[in-house]
$ cat protein-v5.csv   # CSV, N, CA and C atoms
chain,number,residue,atom,x,y,z
A,504,MET,N,109.5,194.7,107.5
A,504,MET,CA,109.5,193.5,108.3
A,504,MET,C,108.3,192.7,108.1
A,505,ARG,N,108.5,191.3,108.0
A,505,ARG,CA,107.4,190.4,107.8
A,505,ARG,C,106.8,190.1,109.2
A,506,GLY,N,105.6,189.7,109.2
A,506,GLY,CA,104.9,189.4,110.4
A,506,GLY,C,105.1,188.0,111.0
A,507,ASP,N,106.1,187.2,110.4
A,507,ASP,CA,106.2,185.8,110.8
A,507,ASP,C,107.4,185.7,111.8
A,508,GLY,N,108.0,186.7,112.2
A,508,GLY,CA,109.2,186.6,113.1
A,508,GLY,C,110.5,186.5,112.4
A,509,TYR,N,110.6,186.7,111.2
A,509,TYR,CA,111.8,186.6,110.4
A,509,TYR,C,112.5,188.0,110.4
A,510,TYR,N,113.7,188.1,110.8
A,510,TYR,CA,114.5,189.3,110.7
A,510,TYR,C,115.6,189.1,109.7
A,511,PRO,N,115.7,189.9,108.7
A,511,PRO,CA,116.7,189.7,107.7
A,511,PRO,C,118.1,190.1,108.1
A,512,ARG,N,118.3,190.9,109.1
A,512,ARG,CA,119.6,191.3,109.6
A,512,ARG,C,119.8,190.9,111.0
A,513,GLY,N,121.1,190.6,111.4
A,513,GLY,CA,121.4,190.4,112.7
A,513,GLY,C,121.2,189.0,113.2
A,514,GLY,N,120.6,188.1,112.5
A,514,GLY,CA,120.3,186.8,112.9
A,514,GLY,C,120.8,185.8,111.9
A,515,GLY,N,121.5,186.2,110.9
A,515,GLY,CA,122.0,185.3,109.9
A,515,GLY,C,120.8,184.5,109.2
A,516,GLY,N,119.7,185.1,109.1
A,516,GLY,CA,118.5,184.5,108.5
A,516,GLY,C,117.8,183.5,109.4
A,517,GLN,N,118.1,183.6,110.6
A,517,GLN,CA,117.4,182.7,111.6
A,517,GLN,C,116.1,183.2,112.0
A,518,ARG,N,115.2,182.4,112.3
A,518,ARG,CA,113.9,182.8,112.9
A,518,ARG,C,114.0,183.2,114.3
A,519,ARG,N,113.3,184.2,114.7
A,519,ARG,CA,113.3,184.7,116.1
A,519,ARG,C,111.8,184.8,116.5
A,520,GLY,N,111.6,184.7,117.7
A,520,GLY,CA,110.3,184.8,118.2
A,520,GLY,C,109.9,183.6,119.0
A,521,ASN,N,108.6,183.6,119.3
A,521,ASN,CA,108.1,182.5,120.1
A,521,ASN,C,107.9,181.2,119.3
A,522,LEU,N,108.7,180.2,119.6
A,522,LEU,CA,108.5,178.9,118.9
A,522,LEU,C,107.5,178.0,119.5
A,523,HIS,N,107.1,178.3,120.7
A,523,HIS,CA,106.1,177.5,121.4
A,523,HIS,C,104.7,178.1,121.2
A,524,HIS,N,103.9,177.3,120.7
A,524,HIS,CA,102.5,177.7,120.4
A,524,HIS,C,101.7,177.5,121.6
A,525,SER,N,100.7,178.4,121.8
A,525,SER,CA,99.8,178.2,122.9
A,525,SER,C,98.9,177.1,122.6
A,526,LYS,N,98.5,176.4,123.7
A,526,LYS,CA,97.6,175.2,123.5
A,526,LYS,C,96.2,175.7,123.7
A,527,THR,N,95.3,175.2,122.9
A,527,THR,CA,93.9,175.6,123.0
A,527,THR,C,93.3,174.5,123.9
A,528,ASP,N,92.1,174.9,124.4
A,528,ASP,CA,91.3,173.9,125.2
A,528,ASP,C,91.1,172.6,124.4
A,529,GLY,N,91.3,171.5,125.1
A,529,GLY,CA,91.1,170.2,124.4
A,529,GLY,C,92.3,169.7,123.7
A,530,ASP,N,93.3,170.6,123.4
A,530,ASP,CA,94.5,170.1,122.7
A,530,ASP,C,95.6,170.2,123.7
A,531,HIS,N,96.1,169.0,124.1
A,531,HIS,CA,97.1,169.0,125.1
A,531,HIS,C,98.5,168.7,124.5
A,532,GLY,N,98.6,168.9,123.2
A,532,GLY,CA,99.9,168.8,122.5
A,532,GLY,C,100.2,167.3,122.2
A,533,ASN,N,99.3,166.4,122.5
A,533,ASN,CA,99.6,165.0,122.2
A,533,ASN,C,99.0,164.6,120.9
A,534,ASP,N,99.6,163.7,120.3
A,534,ASP,CA,99.0,163.2,119.0
A,534,ASP,C,98.9,161.7,119.2
A,535,ASP,N,98.5,161.0,118.1
A,535,ASP,CA,98.3,159.6,118.2
A,535,ASP,C,99.5,158.8,118.6
A,536,ARG,N,100.7,159.3,118.3
A,536,ARG,CA,101.9,158.6,118.7
A,536,ARG,C,102.0,158.4,120.2
A,537,ASP,N,101.6,159.4,120.9
A,537,ASP,CA,101.8,159.3,122.4
A,537,ASP,C,100.8,158.3,123.0
A,538,HIS,N,99.7,158.1,122.3
A,538,HIS,CA,98.7,157.2,122.9
A,538,HIS,C,98.9,155.7,122.5
A,539,LYS,N,99.5,155.5,121.4
A,539,LYS,CA,99.8,154.2,120.9
A,539,LYS,C,101.0,153.6,121.6
A,540,GLU,N,101.0,152.3,121.8
A,540,GLU,CA,102.2,151.7,122.3
A,540,GLU,C,103.3,151.7,121.2
A,541,LYS,N,104.5,152.0,121.7
A,541,LYS,CA,105.5,152.1,120.7
A,541,LYS,C,105.8,150.7,120.2
A,542,LYS,N,105.8,150.5,118.9
A,542,LYS,CA,106.0,149.2,118.4
A,542,LYS,C,107.5,148.9,118.5
A,543,LYS,N,107.8,147.7,119.0
A,543,LYS,CA,109.2,147.3,119.2
A,543,LYS,C,109.7,146.8,117.8
A,544,ARG,N,110.9,147.3,117.4
A,544,ARG,CA,111.4,147.0,116.1
A,544,ARG,C,111.9,145.5,116.2
A,545,ASP,N,111.6,144.8,115.2
A,545,ASP,CA,112.1,143.4,115.0
A,545,ASP,C,113.5,143.5,114.5
A,546,ALA,N,114.3,142.5,114.9
A,546,ALA,CA,115.6,142.4,114.3
A,546,ALA,C,115.6,142.2,112.8
A,547,PHE,N,116.5,142.8,112.1
A,547,PHE,CA,116.5,142.7,110.7
A,547,PHE,C,116.9,141.3,110.3
A,548,PHE,N,117.9,140.7,111.1
A,548,PHE,CA,118.3,139.4,110.9
A,548,PHE,C,118.1,138.6,112.2
A,549,ASP,N,117.8,137.4,112.1
A,549,ASP,CA,117.7,136.6,113.3
A,549,ASP,C,119.0,135.8,113.4
A,550,LEU,N,120.0,136.4,114.1
A,550,LEU,CA,121.3,135.7,114.2
A,550,LEU,C,121.5,134.7,115.3
A,551,SER,N,120.4,134.6,116.1
A,551,SER,CA,120.5,133.7,117.3
A,551,SER,C,120.8,132.3,116.9
A,552,LYS,N,120.4,131.9,115.7
A,552,LYS,CA,120.6,130.5,115.3
A,552,LYS,C,122.1,130.3,114.9
A,553,TYR,N,122.9,131.3,114.8
A,553,TYR,CA,124.3,131.2,114.6
A,553,TYR,C,125.1,131.5,115.8
A,554,SER,N,124.5,131.6,117.0
A,554,SER,CA,125.3,131.8,118.2
A,554,SER,C,126.2,130.7,118.5
A,555,ASP,N,127.4,131.0,118.9
A,555,ASP,CA,128.5,130.1,119.2
A,555,ASP,C,128.9,129.2,117.9
A,556,LYS,N,128.6,129.8,116.7
A,556,LYS,CA,129.1,129.2,115.5
A,556,LYS,C,130.0,130.2,114.8
A,557,ARG,N,130.8,129.7,113.9
A,557,ARG,CA,131.7,130.5,113.2
A,557,ARG,C,131.0,131.2,112.0
A,558,ILE,N,131.3,132.5,111.9
A,558,ILE,CA,130.6,133.3,110.8
A,558,ILE,C,131.7,134.1,110.1
A,559,HIS,N,131.4,134.5,108.9
A,559,HIS,CA,132.3,135.3,108.0
A,559,HIS,C,131.6,136.7,107.8
A,560,VAL,N,132.3,137.8,108.0
A,560,VAL,CA,131.7,139.1,107.9
A,560,VAL,C,132.5,140.0,107.0
A,561,LYS,N,131.9,140.6,106.0
A,561,LYS,CA,132.5,141.6,105.1
A,561,LYS,C,132.0,142.9,105.4
A,562,PHE,N,132.9,143.9,105.3
A,562,PHE,CA,132.6,145.3,105.6
A,562,PHE,C,132.8,146.2,104.4
A,563,MET,N,132.1,147.4,104.4
A,563,MET,CA,132.4,148.4,103.4
A,563,MET,C,133.9,148.7,103.5
A,564,GLY,N,134.5,148.8,102.3
A,564,GLY,CA,135.9,149.1,102.3
A,564,GLY,C,136.7,147.9,102.0
A,565,GLY,N,136.1,146.7,102.1
A,565,GLY,CA,136.8,145.5,101.7
A,565,GLY,C,137.3,144.6,102.9
A,566,ARG,N,137.3,145.0,104.1
A,566,ARG,CA,137.8,144.2,105.2
A,566,ARG,C,136.9,143.0,105.4
A,567,GLU,N,137.5,141.9,105.8
A,567,GLU,CA,136.8,140.7,106.1
A,567,GLU,C,137.3,140.1,107.4
A,568,VAL,N,136.4,139.5,108.2
A,568,VAL,CA,136.7,139.0,109.5
A,568,VAL,C,135.9,137.7,109.7
A,569,GLU,N,136.5,136.7,110.3
A,569,GLU,CA,135.8,135.4,110.6
A,569,GLU,C,136.0,135.2,112.1
A,570,GLY,N,135.0,134.7,112.8
A,570,GLY,CA,135.1,134.4,114.2
A,570,GLY,C,133.8,133.7,114.7
A,571,VAL,N,133.8,133.4,116.0
A,571,VAL,CA,132.7,132.8,116.6
A,571,VAL,C,131.7,133.8,117.2
A,572,LEU,N,130.4,133.8,116.7
A,572,LEU,CA,129.4,134.7,117.1
A,572,LEU,C,129.1,134.6,118.6
A,573,LYS,N,129.3,135.6,119.4
A,573,LYS,CA,129.0,135.6,120.8
A,573,LYS,C,127.8,136.5,121.1
A,574,GLY,N,127.5,137.5,120.3
A,574,GLY,CA,126.4,138.4,120.6
A,574,GLY,C,126.1,139.4,119.5
A,575,PHE,N,124.9,140.0,119.5
A,575,PHE,CA,124.6,141.0,118.5
A,575,PHE,C,123.4,141.8,119.0
A,576,ASP,N,123.1,142.9,118.3
A,576,ASP,CA,121.9,143.7,118.7
A,576,ASP,C,121.1,144.0,117.4
A,577,GLN,N,120.1,144.8,117.5
A,577,GLN,CA,119.2,145.1,116.4
A,577,GLN,C,119.9,146.0,115.4
A,578,LEU,N,120.9,146.7,115.7
A,578,LEU,CA,121.7,147.5,114.7
A,578,LEU,C,122.7,146.7,114.0
A,579,LEU,N,122.8,145.4,114.3
A,579,LEU,CA,123.7,144.5,113.7
A,579,LEU,C,125.2,144.7,114.2
A,580,ASN,N,125.3,145.3,115.4
A,580,ASN,CA,126.6,145.3,116.0
A,580,ASN,C,126.9,143.9,116.5
A,581,ILE,N,128.1,143.4,116.2
A,581,ILE,CA,128.3,142.0,116.4
A,581,ILE,C,129.6,141.8,117.3
A,582,VAL,N,129.5,140.8,118.2
A,582,VAL,CA,130.6,140.5,119.1
A,582,VAL,C,131.1,139.1,118.6
A,583,LEU,N,132.4,139.1,118.2
A,583,LEU,CA,133.0,137.8,117.7
A,583,LEU,C,134.2,137.4,118.7
A,584,ASP,N,134.3,136.2,118.9
A,584,ASP,CA,135.4,135.7,119.7
A,584,ASP,C,136.3,134.8,118.8
A,585,ASP,N,137.6,134.7,119.1
A,585,ASP,CA,138.6,134.0,118.3
A,585,ASP,C,138.5,134.5,116.8
A,586,ALA,N,138.4,135.8,116.7
A,586,ALA,CA,138.3,136.5,115.4
A,586,ALA,C,139.6,136.6,114.7
A,587,GLU,N,139.5,136.4,113.4
A,587,GLU,CA,140.7,136.6,112.5
A,587,GLU,C,140.4,137.5,111.4
A,588,GLU,N,141.2,138.5,111.1
A,588,GLU,CA,141.1,139.4,109.9
A,588,GLU,C,141.7,138.6,108.7
A,589,ILE,N,140.9,138.6,107.6
A,589,ILE,CA,141.4,138.0,106.4
A,589,ILE,C,142.0,139.1,105.5
A,590,ILE,N,143.2,139.0,105.2
A,590,ILE,CA,143.9,140.0,104.3
A,590,ILE,C,144.2,139.3,103.0
A,591,ARG,N,143.5,139.8,101.9
A,591,ARG,CA,143.7,139.3,100.6
A,591,ARG,C,144.8,140.2,99.9
A,592,LEU,N,145.8,139.6,99.4
A,592,LEU,CA,146.9,140.3,98.7
A,592,LEU,C,146.5,140.4,97.3
A,593,PRO,N,146.8,141.5,96.6
A,593,PRO,CA,146.4,141.7,95.2
A,593,PRO,C,147.0,140.6,94.3
A,594,GLU,N,146.3,140.3,93.3
A,594,GLU,CA,146.7,139.3,92.3
A,594,GLU,C,147.8,140.0,91.4
A,595,GLU,N,149.0,139.3,91.3
A,595,GLU,CA,150.0,139.8,90.5
A,595,GLU,C,150.3,139.0,89.2
A,596,GLN,N,149.6,137.8,89.2
A,596,GLN,CA,149.8,137.0,88.0
A,596,GLN,C,148.6,137.1,87.1
A,597,GLU,N,148.9,137.0,85.8
A,597,GLU,CA,147.9,137.2,84.7
A,597,GLU,C,147.1,135.9,84.5
A,598,GLY,N,147.5,134.8,85.0
A,598,GLY,CA,146.8,133.5,84.8
A,598,GLY,C,145.5,133.4,85.5
A,599,GLY,N,145.1,134.4,86.2
A,599,GLY,CA,143.8,134.3,86.9
A,599,GLY,C,144.0,133.5,88.2
A,600,ALA,N,145.2,133.4,88.7
A,600,ALA,CA,145.4,132.6,90.0
A,600,ALA,C,144.7,133.4,91.1
A,601,PRO,N,144.1,132.6,92.0
A,601,PRO,CA,143.4,133.3,93.2
A,601,PRO,C,144.4,134.1,94.0
A,602,ALA,N,143.9,135.2,94.6
A,602,ALA,CA,144.7,136.1,95.4
A,602,ALA,C,145.2,135.3,96.6
A,603,GLU,N,146.4,135.7,97.0
A,603,GLU,CA,147.0,135.1,98.2
A,603,GLU,C,146.2,135.6,99.4
A,604,GLU,N,146.1,134.8,100.4
A,604,GLU,CA,145.3,135.2,101.6
A,604,GLU,C,146.2,135.0,102.8
A,605,LYS,N,146.2,136.0,103.7
A,605,LYS,CA,146.8,135.9,105.0
A,605,LYS,C,145.8,136.2,106.1
A,606,ARG,N,146.0,135.6,107.2
A,606,ARG,CA,145.1,135.8,108.4
A,606,ARG,C,145.9,136.3,109.6
A,607,ARG,N,145.2,137.3,110.2
A,607,ARG,CA,145.8,137.9,111.4
A,607,ARG,C,144.8,137.7,112.6
A,608,TYR,N,145.3,137.1,113.6
A,608,TYR,CA,144.4,136.8,114.8
A,608,TYR,C,144.2,138.1,115.6
A,609,ILE,N,142.9,138.4,115.9
A,609,ILE,CA,142.6,139.6,116.6
A,609,ILE,C,141.8,139.3,117.9
A,610,GLY,N,141.4,138.1,118.1
A,610,GLY,CA,140.8,137.7,119.4
A,610,GLY,C,139.3,138.2,119.5
A,611,LEU,N,139.0,138.7,120.7
A,611,LEU,CA,137.6,139.2,121.0
A,611,LEU,C,137.4,140.5,120.4
A,612,VAL,N,136.4,140.8,119.6
A,612,VAL,CA,136.2,142.0,118.9
A,612,VAL,C,134.7,142.4,118.8
A,613,VAL,N,134.4,143.7,118.8
A,613,VAL,CA,133.1,144.2,118.6
A,613,VAL,C,133.1,144.8,117.2
A,614,LEU,N,132.2,144.4,116.3
A,614,LEU,CA,132.1,144.9,114.9
A,614,LEU,C,130.9,145.8,114.8
A,615,ARG,N,131.1,147.0,114.2
A,615,ARG,CA,130.1,148.0,114.1
A,615,ARG,C,129.1,147.7,113.0
A,616,GLY,N,127.8,147.6,113.4
A,616,GLY,CA,126.8,147.1,112.4
A,616,GLY,C,126.6,147.9,111.2
A,617,PRO,N,126.6,149.2,111.2
A,617,PRO,CA,126.3,149.9,110.0
A,617,PRO,C,127.3,149.7,108.8
A,618,SER,N,128.5,149.2,109.2
A,618,SER,CA,129.5,149.0,108.1
A,618,SER,C,129.5,147.6,107.6
A,619,VAL,N,128.7,146.7,108.1
A,619,VAL,CA,128.6,145.3,107.6
A,619,VAL,C,127.8,145.3,106.3
A,620,ILE,N,128.4,144.6,105.3
A,620,ILE,CA,127.6,144.4,104.0
A,620,ILE,C,127.3,143.0,103.7
A,621,LEU,N,128.0,142.0,104.4
A,621,LEU,CA,127.7,140.6,104.1
A,621,LEU,C,128.0,139.9,105.4
A,622,LEU,N,127.2,138.9,105.7
A,622,LEU,CA,127.3,138.1,106.9
A,622,LEU,C,126.9,136.6,106.5
A,623,SER,N,127.8,135.7,106.7
A,623,SER,CA,127.5,134.3,106.3
A,623,SER,C,128.1,133.3,107.2
A,624,PRO,N,127.4,132.2,107.5
A,624,PRO,CA,128.1,131.1,108.3
A,624,PRO,C,129.2,130.5,107.5
A,625,THR,N,130.2,130.0,108.2
A,625,THR,CA,131.3,129.3,107.5
A,625,THR,C,131.2,127.8,107.6
A,626,ASP,N,130.5,127.3,108.6
A,626,ASP,CA,130.2,125.9,108.7
A,626,ASP,C,129.2,125.4,107.6
A,627,GLY,N,129.5,124.4,106.9
A,627,GLY,CA,128.6,123.9,105.9
A,627,GLY,C,128.7,124.6,104.6
A,628,SER,N,129.7,125.5,104.4
A,628,SER,CA,129.8,126.1,103.1
A,628,SER,C,131.2,125.9,102.6
A,629,GLU,N,131.3,125.8,101.3
A,629,GLU,CA,132.6,125.6,100.6
A,629,GLU,C,132.7,126.4,99.4
A,630,GLU,N,133.9,126.7,99.0
A,630,GLU,CA,134.1,127.5,97.8
A,630,GLU,C,133.9,126.7,96.6
A,631,ILE,N,133.2,127.2,95.6
A,631,ILE,CA,132.9,126.5,94.3
A,631,ILE,C,133.5,127.3,93.2
A,632,ALA,N,133.7,126.7,92.0
A,632,ALA,CA,134.2,127.4,90.9
A,632,ALA,C,133.1,128.4,90.4
A,633,ASN,N,133.6,129.5,89.8
A,633,ASN,CA,132.7,130.5,89.3
A,633,ASN,C,132.0,130.0,88.1
A,634,PRO,N,130.6,129.9,88.2
A,634,PRO,CA,129.9,129.4,87.0
A,634,PRO,C,129.8,130.4,85.9
A,635,PHE,N,130.1,131.6,86.1
A,635,PHE,CA,130.0,132.6,85.0
A,635,PHE,C,131.3,132.8,84.2
A,636,VAL,N,132.4,132.2,84.6
A,636,VAL,CA,133.6,132.2,83.8
A,636,VAL,C,133.5,131.2,82.7
A,637,GLN,N,133.7,131.7,81.5
A,637,GLN,CA,133.7,130.8,80.3
A,637,GLN,C,135.0,130.0,80.2
A,638,ALA,N,134.8,128.7,80.0
A,638,ALA,CA,136.0,127.9,79.8
A,638,ALA,C,136.6,128.2,78.4
A,639,GLU,N,138.0,128.1,78.4
A,639,GLU,CA,138.7,128.5,77.1
A,639,GLU,C,138.9,127.2,76.3
$ encode --input "protein-v5.csv" --output "structure tokens"
Amino acid sequence: MRGDGYYPRGGGGQRRGNLHHSKTDGDHGNDDRDHKEKKKRDAFFDLSKYSDKRIHVKFMGGREVEGVLKGFDQLLNIVLDDAEEIIRLPEEQEGGAPAEEKRRYIGLVVLRGPSVILLSPTDGSEEIANPFVQAE
């Protein structure tokens, strides 16, 4: 048997013994983190300028939603009102015709932040031709 509290049988390889270390004089178990003020995390995005404006959100997996921004938090969880899911049907034509698009009204919705991959305002933006496609 080793002297570090490890028992090879009966514990599935888990450590046993006293996990709490005794404190010596002058050491109260505190480190610098306890004494410093916890720094408040800044929001990754400042979405407040888009409050009550229409935005477009894309998610991992391909889903897209548009709606009026009503609220958000630092994890990018988003509340949209008058939201619509955008459903893009696959292209069936070889001519490069744009995919057909359908919209489904879903109303007031909370969007989970970790799955958001793109967020953009819809006001003041328009679709342009792809500059990387070579003309024939």
$ residues_around --input "protein-v5.csv" --residues "Gly616 in chain A" --least-positions-apart "5" --cutoff "7 Å" --atoms "only C-alpha atoms" --output "list in words"
Leu578, Leu579, Asn580 and Ile581 of chain A
$ write_last_selection --input "protein-v5.csv" --atoms "N, CA and C atoms" --output "PDB file, in the frame of the given file"
ATOM      1  N   LEU A 578     120.900 146.700 115.700  1.00  0.00           N
ATOM      2  CA  LEU A 578     121.700 147.500 114.700  1.00  0.00           C
ATOM      3  C   LEU A 578     122.700 146.700 114.000  1.00  0.00           C
ATOM      4  N   LEU A 579     122.800 145.400 114.300  1.00  0.00           N
ATOM      5  CA  LEU A 579     123.700 144.500 113.700  1.00  0.00           C
ATOM      6  C   LEU A 579     125.200 144.700 114.200  1.00  0.00           C
ATOM      7  N   ASN A 580     125.300 145.300 115.400  1.00  0.00           N
ATOM      8  CA  ASN A 580     126.600 145.300 116.000  1.00  0.00           C
ATOM      9  C   ASN A 580     126.900 143.900 116.500  1.00  0.00           C
ATOM     10  N   ILE A 581     128.100 143.400 116.200  1.00  0.00           N
ATOM     11  CA  ILE A 581     128.300 142.000 116.400  1.00  0.00           C
ATOM     12  C   ILE A 581     129.600 141.800 117.300  1.00  0.00           C
TER      13      ILE A 581
END
$ atom_distance --input "protein-v5.csv" --atom1 "atom C of Gly570 in chain A" --atom2 "atom C of Leu622 in chain A"
11.1 Å
$ select_by_dssp --input "protein-v5.csv" --residues "range 598-629 of chain A" --states "strand (DSSP E or B)" --output "list in words"
Glu604, Lys605, Arg606, Arg607, Tyr608, Ile609, Gly610, Leu611, Val612, Val613, Leu614, Val619, Ile620, Leu621, Leu622, Ser623 and Pro624 of chain A
$ atom_distance --input "protein-v5.csv" --atom1 "atom N of Leu583 in chain A" --atom2 "CA of Glu603 in chain A"
25.1 Å
$ residues_around --input "protein-v5.csv" --residues "Phe562 in chain A" --least-positions-apart "5" --cutoff "5 Å" --atoms "all atoms listed in the file" --output "list of chain:residue names"
A:Ser618, A:Val619, A:Ile620
$ residues_around --input "protein-v5.csv" --residues "range 604-614 of chain A" --least-positions-apart "3" --cutoff "7 Å" --atoms "only N, CA and C atoms" --output "list of chain:residue names"
A:Leu579, A:Asn580, A:Ile581, A:Val582, A:Leu583, A:Asp584, A:Asp585, A:Ala586, A:Glu587, A:Glu588, A:Ile589, A:Ile590, A:Arg591, A:Leu592, A:Pro601, A:Pro617, A:Ser618
$ write_last_selection --input "protein-v5.csv" --atoms "N, CA and C atoms" --output "compact mmCIF listing (two decimals), keeping the file's coordinate frame"
# COMPACT_ATOMS: atom_id res chain seq x y z
N LEU A 579 122.80 145.40 114.30
CA LEU A 579 123.70 144.50 113.70
C LEU A 579 125.20 144.70 114.20
N ASN A 580 125.30 145.30 115.40
CA ASN A 580 126.60 145.30 116.00
C ASN A 580 126.90 143.90 116.50
N ILE A 581 128.10 143.40 116.20
CA ILE A 581 128.30 142.00 116.40
C ILE A 581 129.60 141.80 117.30
N VAL A 582 129.50 140.80 118.20
CA VAL A 582 130.60 140.50 119.10
C VAL A 582 131.10 139.10 118.60
N LEU A 583 132.40 139.10 118.20
CA LEU A 583 133.00 137.80 117.70
C LEU A 583 134.20 137.40 118.70
N ASP A 584 134.30 136.20 118.90
CA ASP A 584 135.40 135.70 119.70
C ASP A 584 136.30 134.80 118.80
N ASP A 585 137.60 134.70 119.10
CA ASP A 585 138.60 134.00 118.30
C ASP A 585 138.50 134.50 116.80
N ALA A 586 138.40 135.80 116.70
CA ALA A 586 138.30 136.50 115.40
C ALA A 586 139.60 136.60 114.70
N GLU A 587 139.50 136.40 113.40
CA GLU A 587 140.70 136.60 112.50
C GLU A 587 140.40 137.50 111.40
N GLU A 588 141.20 138.50 111.10
CA GLU A 588 141.10 139.40 109.90
C GLU A 588 141.70 138.60 108.70
N ILE A 589 140.90 138.60 107.60
CA ILE A 589 141.40 138.00 106.40
C ILE A 589 142.00 139.10 105.50
N ILE A 590 143.20 139.00 105.20
CA ILE A 590 143.90 140.00 104.30
C ILE A 590 144.20 139.30 103.00
N ARG A 591 143.50 139.80 101.90
CA ARG A 591 143.70 139.30 100.60
C ARG A 591 144.80 140.20 99.90
N LEU A 592 145.80 139.60 99.40
CA LEU A 592 146.90 140.30 98.70
C LEU A 592 146.50 140.40 97.30
N PRO A 601 144.10 132.60 92.00
CA PRO A 601 143.40 133.30 93.20
C PRO A 601 144.40 134.10 94.00
N PRO A 617 126.60 149.20 111.20
CA PRO A 617 126.30 149.90 110.00
C PRO A 617 127.30 149.70 108.80
N SER A 618 128.50 149.20 109.20
CA SER A 618 129.50 149.00 108.10
C SER A 618 129.50 147.60 107.60
$ atom_distance --input "protein-v5.csv" --atom1 "CA of Asp576 in chain A" --atom2 "atom C of Tyr553 in chain A"
12.9 Å
$ closest_residue --input "protein-v5.csv" --among "A:Lys561, A:Leu550, A:Pro593, A:Ser623" --to "Gly574 in chain A" --atoms "all atoms listed in the file"
A:Leu550
$ residues_around --input "protein-v5.csv" --residues "range 626-637 of chain A" --least-positions-apart "6" --cutoff "7 Å" --atoms "all atoms listed in the file" --output "PDB file with N, CA and C atoms, in the frame of the given file"
ATOM      1  N   LYS A 556     128.600 129.800 116.700  1.00  0.00           N
ATOM      2  CA  LYS A 556     129.100 129.200 115.500  1.00  0.00           C
ATOM      3  C   LYS A 556     130.000 130.200 114.800  1.00  0.00           C
ATOM      4  N   ARG A 557     130.800 129.700 113.900  1.00  0.00           N
ATOM      5  CA  ARG A 557     131.700 130.500 113.200  1.00  0.00           C
ATOM      6  C   ARG A 557     131.000 131.200 112.000  1.00  0.00           C
ATOM      7  N   ILE A 558     131.300 132.500 111.900  1.00  0.00           N
ATOM      8  CA  ILE A 558     130.600 133.300 110.800  1.00  0.00           C
ATOM      9  C   ILE A 558     131.700 134.100 110.100  1.00  0.00           C
TER      10      ILE A 558
END
$ decode --input "protein-v5.csv" --residues "range 553-557 of chain A" --atoms "all heavy atoms" --output "CSV table (one decimal), in the first residue's frame"
chain,number,residue,atom,x,y,z
A,553,TYR,N,-29.6,47.8,-30.3
A,553,TYR,CA,-30.6,47.2,-31.2
A,553,TYR,C,-31.9,46.9,-30.5
A,553,TYR,O,-32.8,46.2,-31.0
A,553,TYR,CB,-30.0,45.9,-31.7
A,553,TYR,CG,-28.8,46.1,-32.5
A,553,TYR,CD1,-27.6,45.6,-32.1
A,553,TYR,CD2,-28.8,46.9,-33.7
A,553,TYR,CE1,-26.4,45.8,-32.9
A,553,TYR,CE2,-27.6,47.1,-34.4
A,553,TYR,CZ,-26.4,46.5,-34.0
A,553,TYR,OH,-25.3,46.7,-34.7
A,554,SER,N,-32.1,47.4,-29.2
A,554,SER,CA,-33.3,47.2,-28.5
A,554,SER,C,-34.5,47.8,-29.3
A,554,SER,O,-34.4,48.8,-29.8
A,554,SER,CB,-33.3,47.8,-27.1
A,554,SER,OG,-32.4,47.1,-26.3
A,555,ASP,N,-35.6,47.0,-29.3
A,555,ASP,CA,-36.8,47.4,-30.1
A,555,ASP,C,-36.6,47.5,-31.6
A,555,ASP,O,-37.3,48.2,-32.2
A,555,ASP,CB,-37.4,48.6,-29.5
A,555,ASP,CG,-37.9,48.4,-28.0
A,555,ASP,OD1,-38.4,47.3,-27.8
A,555,ASP,OD2,-37.7,49.3,-27.2
A,556,LYS,N,-35.5,46.9,-32.1
A,556,LYS,CA,-35.3,46.9,-33.5
A,556,LYS,C,-35.3,45.4,-34.0
A,556,LYS,O,-35.0,44.5,-33.2
A,556,LYS,CB,-34.0,47.6,-33.9
A,556,LYS,CG,-34.0,49.1,-33.5
A,556,LYS,CD,-32.7,49.7,-34.0
A,556,LYS,CE,-32.8,51.2,-33.6
A,556,LYS,NZ,-31.5,51.8,-33.6
A,557,ARG,N,-35.5,45.3,-35.3
A,557,ARG,CA,-35.6,43.9,-35.8
A,557,ARG,C,-34.2,43.4,-36.1
A,557,ARG,O,-33.4,44.1,-36.7
A,557,ARG,CB,-36.4,44.0,-37.1
A,557,ARG,CG,-37.0,42.7,-37.6
A,557,ARG,CD,-38.2,42.9,-38.4
A,557,ARG,NE,-38.7,41.7,-38.8
A,557,ARG,CZ,-39.5,40.9,-38.0
A,557,ARG,NH1,-39.9,41.3,-36.9
A,557,ARG,NH2,-39.9,39.7,-38.4
